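As structure tokens, the structure follows; a few thoughts come after it.
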Amino acid sequence: MARTERDKIDFVQIVYTEHKDYWQQKAGELKRYKDAYETKFWQSEEYDQTMIRIETSDAFAYIEGFIASLFTRTPAVVIGHDIAATGGDAKMAQAASNRFLYNQREQLEIASRLALIYEYSALKLCPEPSDEMLDKVSIEALPCWEVIVDRDACSEQDSRFIGHNYYMTMVEAKQKWGNKKFTPVPKRDYFDQYSDRNTYTALDYADLPDDYLYVEIVEIYDTLHDEVYYWSPNWSNGDRLLSSGRIPIRTYNDNPLPNITTLYYTRCPNKPMEGLSAMSRVYDQIYEKNILRTYWANAVRRDSRQYLYKEGAFDEEQLSKITAGIDGAMIGVDEDNLGGLIQQVGVEPISSNFDRYLAYIEQDINRGSILAPFSRGEATKATATEITALAQYSASEIGKMAREKDGALERLVNIYIRLLDLLSEDGETAVLDVEGEARVLTPADLEGKFRINALDQGSTPLSDAIRKQNLLSLLPTLQALGVQPRKVLEEIIRAYELPKDFLEEAPPPQATAPGPSAADVENIEGGAEEQVTDAELLAQALRPGGA
């Protein structure tokens with residue numbers, strides 16, 4: 001049964017409302033994670049303005065430790081033909097995809113950082129105006145609160161819909177949908193629109209040009225009914241769709257393919273399409289550490305030299321001097337038992353319980369991280385065997401996260417190939433470097449069913465280091481088993497990324513020319529009747545065998 005226009009509008013409105021309600025409840029929590037990462041912890045917390053605030057960088061180091069461990073080199077993929085289908089050129093598709101990924105490294109890293117700090121992230125591919133065939137697609141990393149997902153699905157492949165909630169300028173909206181009467185709204189930051197600081201209204205923007213006026217857009221890909229919907233709450237009171245139609249990007253089998261793919265590093269067990277923030281695992285410990293360090297900082301500043309001298313009784317001003325902790329302060333008192341004219345005020349040291357508590361906090365932070373302490377540059381007393389075991393464990397755990405990244409990368413490349421094929425015009429070409437040879441890419445080269453695998457395949461800096469170490473330790477065993485030395489050399493050059501010139505064989509040494517024979521020397525020295533010229537001697541020396 002075909003869906004009516006009213007059914008489509010109701011569907012979009014319900015999905016939009018649920019999406020907004022869900023992320024409105026999450027705004028305060030995610031704001032605290034953001035502030036902790038940016039070393040602005042106290043921006044979200046209430047505190048005494050007269051106190052000195054101390055913020056540690058543990059949250060930043062925690063997240064960036066994962067980023068450094070997840071990215072080894074330039075992201076790339078290996079593409080081959082699918083066994084069940086032919087067509088297209090896998091090598092050309094691979095060269096085009098790797099060129100695209102090389103230029104999009106920054107967005108890929110941003111997406112990973114968003115997926116670690118918050119619940120998840122997404123990557124969206126969009127058409128880009130360009131005269132060059134390979135530059136017609138751009139990529140954007142999306143935070144989780146802009147991505148509309150099917151929370152009841154078991155995976156992205158089983159999702160019934162996926163969408164993007166964003167802002168577009170009035171100029172762009174009118175170019176895309178005509179001169180409609182939009183109600184402009186301010187472009188609100190996610191963290192500000194749910195806070196008390198949000199005082200913007202549409203009237204504030206009434207006199208601004210269209211370039212500075214925005215429209216909220218909801219773009220939803222309904223894969224269940226093979227339709228894409230564009231809707232805005234700022235036009236016709238949200239009772240009409242801006243446009244709708246068949247999803248333009250198709251798989252090789254002509255199935256709908258949305259141009260958005262998600263990236264999850266940790267999923268909620270009972271709802272896989274709801275992610276878990278890596279920051280949430282250690283935020284309580286970071287909170288406690290900032291509180292403790294702030295207390296210490298203020299206590300140290302009160303740990304000063306103060307003296308009492310006999311004058312009068314304590315009053316409020318004198319007590320404020322004591323509590324202010326000013327170094328060298330002189331406080332007059334009226335006390336007969338004062339030991340001398342001037343007596344130092346005793347200062348009790350901070351309890352050793354704080355040191356023990358800080359040690360427990362550090363242990364909890366380390367337990368919340370799957371990285372071994374030595375991988376973060378911390379010195380430990382572990383033995384070499386323990387370090388190797390911890391390294392392998394960390395490599396395995398980071399490897400699982402890397403495989404999630406690789407999965408998103410493979411889906412992204414699949415969308416890129418299909419979108420590039422869709423945008424390319426007949427007769428349009430591009431020149432690519434394929435295995436050191438210049439070849440011409442045509443749209444027909446992209447029209448195939450390919451197997452796409454990320455080149456890293458879960459590789460991380462830590463796992464790479466372990467593999468290199470194991471390779472060196474295996475060299476004597478490989479030689480004893482009769483493995484050809486050239487094969488071993490090829491593997492070493494590949495693992496350590498050494499120049500391929502090392503594989504070239506050295507030219508054989510040139511044979512030295514033999515000197516004159518003993519008979520020739522005897523004839524020359526004996527003054528034989530036959531005179532031998534210099535030219536004949538040279539010819540005899542160069543002749544094989546000296547004959």
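By order in the structure tokens, chains are A, B, ...; within a chain, residues start at 1; ligands start at 1, following the order shown.
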
query: Near Asn237 of chain A, counting only C-alpha atoms, which residues have an atom at most 10 Å away, once you skip same-chain residues fewer than 5 positions from it, shown as number ranges by chain?
result: A: 182-183, 232

Output of the above residues as a short mmCIF file (atom, residue, chain, number, x, y, z; two decimals), in the first residue's frame, restricted to C-alpha atoms:
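Generated file (selection-v1.cif):
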```
data_model
loop_
_atom_site.label_atom_id
_atom_site.label_comp_id
_atom_site.auth_asym_id
_atom_site.auth_seq_id
_atom_site.Cartn_x
_atom_site.Cartn_y
_atom_site.Cartn_z
CA PHE A 182 10.64 30.48 5.24
CA THR A 183 10.55 31.70 8.82
CA SER A 232 11.58 22.02 7.74
#
```

task: Name the residues of segment 62-179 of chain A that come out as strand (DSSP E) in a backbone DSSP run; write them as JSON, numbers by chain.
output: {"A": [77, 78, 79, 80, 81, 121, 122, 123, 124, 125, 126, 127, 137, 138, 139, 140, 141, 142, 143, 147, 148, 149, 161, 162, 163, 164, 165, 166, 167, 168, 169]}

Write the residues you've just listed into a file as a tab-separated table (two decimals), in the first residue's frame, and include C-alpha atoms for each of them.
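Resulting contents of selection29.tsv:
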```tsv
chain	number	residue	atom	x	y	z
A	77	VAL	CA	41.55	0.50	1.26
A	78	VAL	CA	42.15	-2.52	-0.91
A	79	ILE	CA	39.45	-3.14	-3.53
A	80	GLY	CA	38.89	-6.35	-5.45
A	81	HIS	CA	36.18	-7.77	-7.67
A	121	SER	CA	29.55	10.17	15.17
A	122	ALA	CA	28.79	9.91	11.47
A	123	LEU	CA	30.32	10.69	8.09
A	124	LYS	CA	28.21	12.24	5.36
A	125	LEU	CA	29.16	12.44	1.68
A	126	CYS	CA	27.64	15.22	-0.41
A	127	PRO	CA	27.97	16.47	-4.00
A	137	VAL	CA	32.31	14.58	-3.58
A	138	SER	CA	33.00	16.13	-0.18
A	139	ILE	CA	32.82	14.59	3.28
A	140	GLU	CA	31.70	16.02	6.62
A	141	ALA	CA	32.07	14.61	10.14
A	142	LEU	CA	28.78	14.86	12.05
A	143	PRO	CA	28.26	14.87	15.84
A	147	VAL	CA	22.34	12.27	13.21
A	148	ILE	CA	18.88	10.71	13.29
A	149	VAL	CA	19.20	6.94	13.73
A	161	PHE	CA	15.92	5.04	8.25
A	162	ILE	CA	18.78	7.41	8.91
A	163	GLY	CA	18.81	11.18	8.73
A	164	HIS	CA	20.56	14.47	9.32
A	165	ASN	CA	19.21	17.49	11.24
A	166	TYR	CA	21.09	20.67	10.32
A	167	TYR	CA	20.86	24.38	9.52
A	168	MET	CA	21.00	25.91	6.03
A	169	THR	CA	21.22	29.57	5.06
```

statement: From the list A:Asn414, A:Gln24, A:Thr266, A:Asn98, the nearest residue to Phe191 of chain A using only C-alpha atoms is A:Gln24

Could you produce a table of the residues of segment 42-118 of chain A lying within 10 Å of segment 364-367 of chain A, with the nearest pair of atoms per residue and their separation in Å rounded to one decimal, using only C-alpha atoms, ordered by chain and increasing residue number, as a Markdown table?
```
| residue | atom | partner | partner_atom | distance |
| --- | --- | --- | --- | --- |
| A:Asp58 | CA | A:Ile365 | CA | 8.7 |
| A:Ala59 | CA | A:Ile365 | CA | 9.7 |
| A:Tyr62 | CA | A:Ile365 | CA | 8.9 |
```

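Closest approach to Lys289 of chain A among A:Thr17, A:Thr56, A:Thr39, A:Ser277 is made by A:Thr56 (distances from only C-alpha atoms).
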
- prompt: Which neighbours of Met92 of chain A fall inside 8 Å, counting only C-alpha atoms, when residues of the same chain fewer than 2 positions from it are skipped, and could you give them as a list in words?
  reply: Asp89, Ala90, Gln94, Ala95, Ala96, Leu432, Val434, Leu441, Asp445 and Leu446 of chain A

- request: Write out as a PyMOL selection string the residues lying within 10 Å of segment 216-223 of chain A, counting only C-alpha atoms and excluding same-chain residues fewer than 2 positions away.
  value: chain A and resi 8+11-13+15-16+146-149+158-170+173+182-188+214+225-235+241-247+255-260

Please produce a file of those selected residues containing C-alpha atoms, as a JSON list (two decimals), in the first residue's frame.
```json
[["chain", "number", "residue", "atom", "x", "y", "z"],
["A", 8, "LYS", "CA", 5.16, 10.84, 5.19],
["A", 11, "PHE", "CA", 6.53, 9.97, 10.03],
["A", 12, "VAL", "CA", 9.06, 12.80, 9.70],
["A", 13, "GLN", "CA", 7.48, 14.81, 12.52],
["A", 15, "VAL", "CA", 11.09, 10.96, 14.15],
["A", 16, "TYR", "CA", 12.16, 14.62, 14.50],
["A", 146, "GLU", "CA", 22.77, 15.89, 14.34],
["A", 147, "VAL", "CA", 22.34, 12.27, 13.21],
["A", 148, "ILE", "CA", 18.88, 10.71, 13.29],
["A", 149, "VAL", "CA", 19.20, 6.94, 13.73],
["A", 158, "ASP", "CA", 19.08, -3.30, 9.51],
["A", 159, "SER", "CA", 18.10, 0.35, 10.06],
["A", 160, "ARG", "CA", 14.81, 1.42, 8.53],
["A", 161, "PHE", "CA", 15.92, 5.04, 8.25],
["A", 162, "ILE", "CA", 18.78, 7.41, 8.91],
["A", 163, "GLY", "CA", 18.81, 11.18, 8.73],
["A", 164, "HIS", "CA", 20.56, 14.47, 9.32],
["A", 165, "ASN", "CA", 19.21, 17.49, 11.24],
["A", 166, "TYR", "CA", 21.09, 20.67, 10.32],
["A", 167, "TYR", "CA", 20.86, 24.38, 9.52],
["A", 168, "MET", "CA", 21.00, 25.91, 6.03],
["A", 169, "THR", "CA", 21.22, 29.57, 5.06],
["A", 170, "MET", "CA", 18.17, 31.18, 3.50],
["A", 173, "ALA", "CA", 17.39, 26.95, 0.91],
["A", 182, "PHE", "CA", 10.64, 30.48, 5.24],
["A", 183, "THR", "CA", 10.55, 31.70, 8.82],
["A", 184, "PRO", "CA", 14.20, 32.47, 9.66],
["A", 185, "VAL", "CA", 15.72, 31.21, 12.90],
["A", 186, "PRO", "CA", 19.12, 31.70, 14.54],
["A", 187, "LYS", "CA", 21.70, 28.99, 14.08],
["A", 188, "ARG", "CA", 21.88, 27.66, 17.63],
["A", 214, "TYR", "CA", 19.05, 30.18, 8.74],
["A", 225, "HIS", "CA", 10.14, 2.65, 1.44],
["A", 226, "ASP", "CA", 13.09, 3.78, -0.71],
["A", 227, "GLU", "CA", 12.41, 7.51, -0.33],
["A", 228, "VAL", "CA", 14.26, 10.57, 0.88],
["A", 229, "TYR", "CA", 12.34, 13.38, 2.60],
["A", 230, "TYR", "CA", 13.31, 17.02, 3.08],
["A", 231, "TRP", "CA", 11.27, 18.82, 5.72],
["A", 232, "SER", "CA", 11.58, 22.02, 7.74],
["A", 233, "PRO", "CA", 9.68, 23.20, 10.83],
["A", 234, "ASN", "CA", 10.29, 26.74, 9.53],
["A", 235, "TRP", "CA", 8.10, 26.44, 6.44],
["A", 241, "LEU", "CA", 7.39, 18.44, 2.86],
["A", 242, "LEU", "CA", 9.93, 20.57, 1.07],
["A", 243, "SER", "CA", 10.50, 17.69, -1.35],
["A", 244, "SER", "CA", 10.65, 13.92, -1.54],
["A", 245, "GLY", "CA", 11.73, 11.30, -4.02],
["A", 246, "ARG", "CA", 13.53, 8.05, -4.65],
["A", 247, "ILE", "CA", 16.90, 7.68, -2.90],
["A", 255, "ASN", "CA", 19.12, -1.17, -3.48],
["A", 256, "PRO", "CA", 18.85, 2.25, -1.73],
["A", 257, "LEU", "CA", 22.11, 3.51, -0.25],
["A", 258, "PRO", "CA", 22.00, 6.54, 2.12],
["A", 259, "ASN", "CA", 24.95, 8.90, 1.94],
["A", 260, "ILE", "CA", 25.50, 8.75, 5.75]]
```

message: Residues within 9 Å of Tyr102 of chain A, please, as a count of residues only. Count only C-alpha atoms; anything in the same chain fewer than 5 positions from it doesn't count.
response: 4

query: Near Glu38 of chain A, within 9 Å and counting only C-alpha atoms, which residues show up once chain neighbours fewer than 4 positions away are dropped, as number ranges by chain?
result: A: 33-34, 57, 59-60

How would the residues just chosen look if you wrote them out with C-alpha atoms as a CSV table (one decimal), in the first residue's frame?
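Final output, saved to part19.csv:
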```csv
chain,number,residue,atom,x,y,z
A,33,TYR,CA,32.3,15.8,28.7
A,34,LYS,CA,33.1,18.6,26.3
A,57,SER,CA,44.4,17.7,31.5
A,59,ALA,CA,40.4,14.1,30.0
A,60,PHE,CA,42.3,15.5,27.0
```
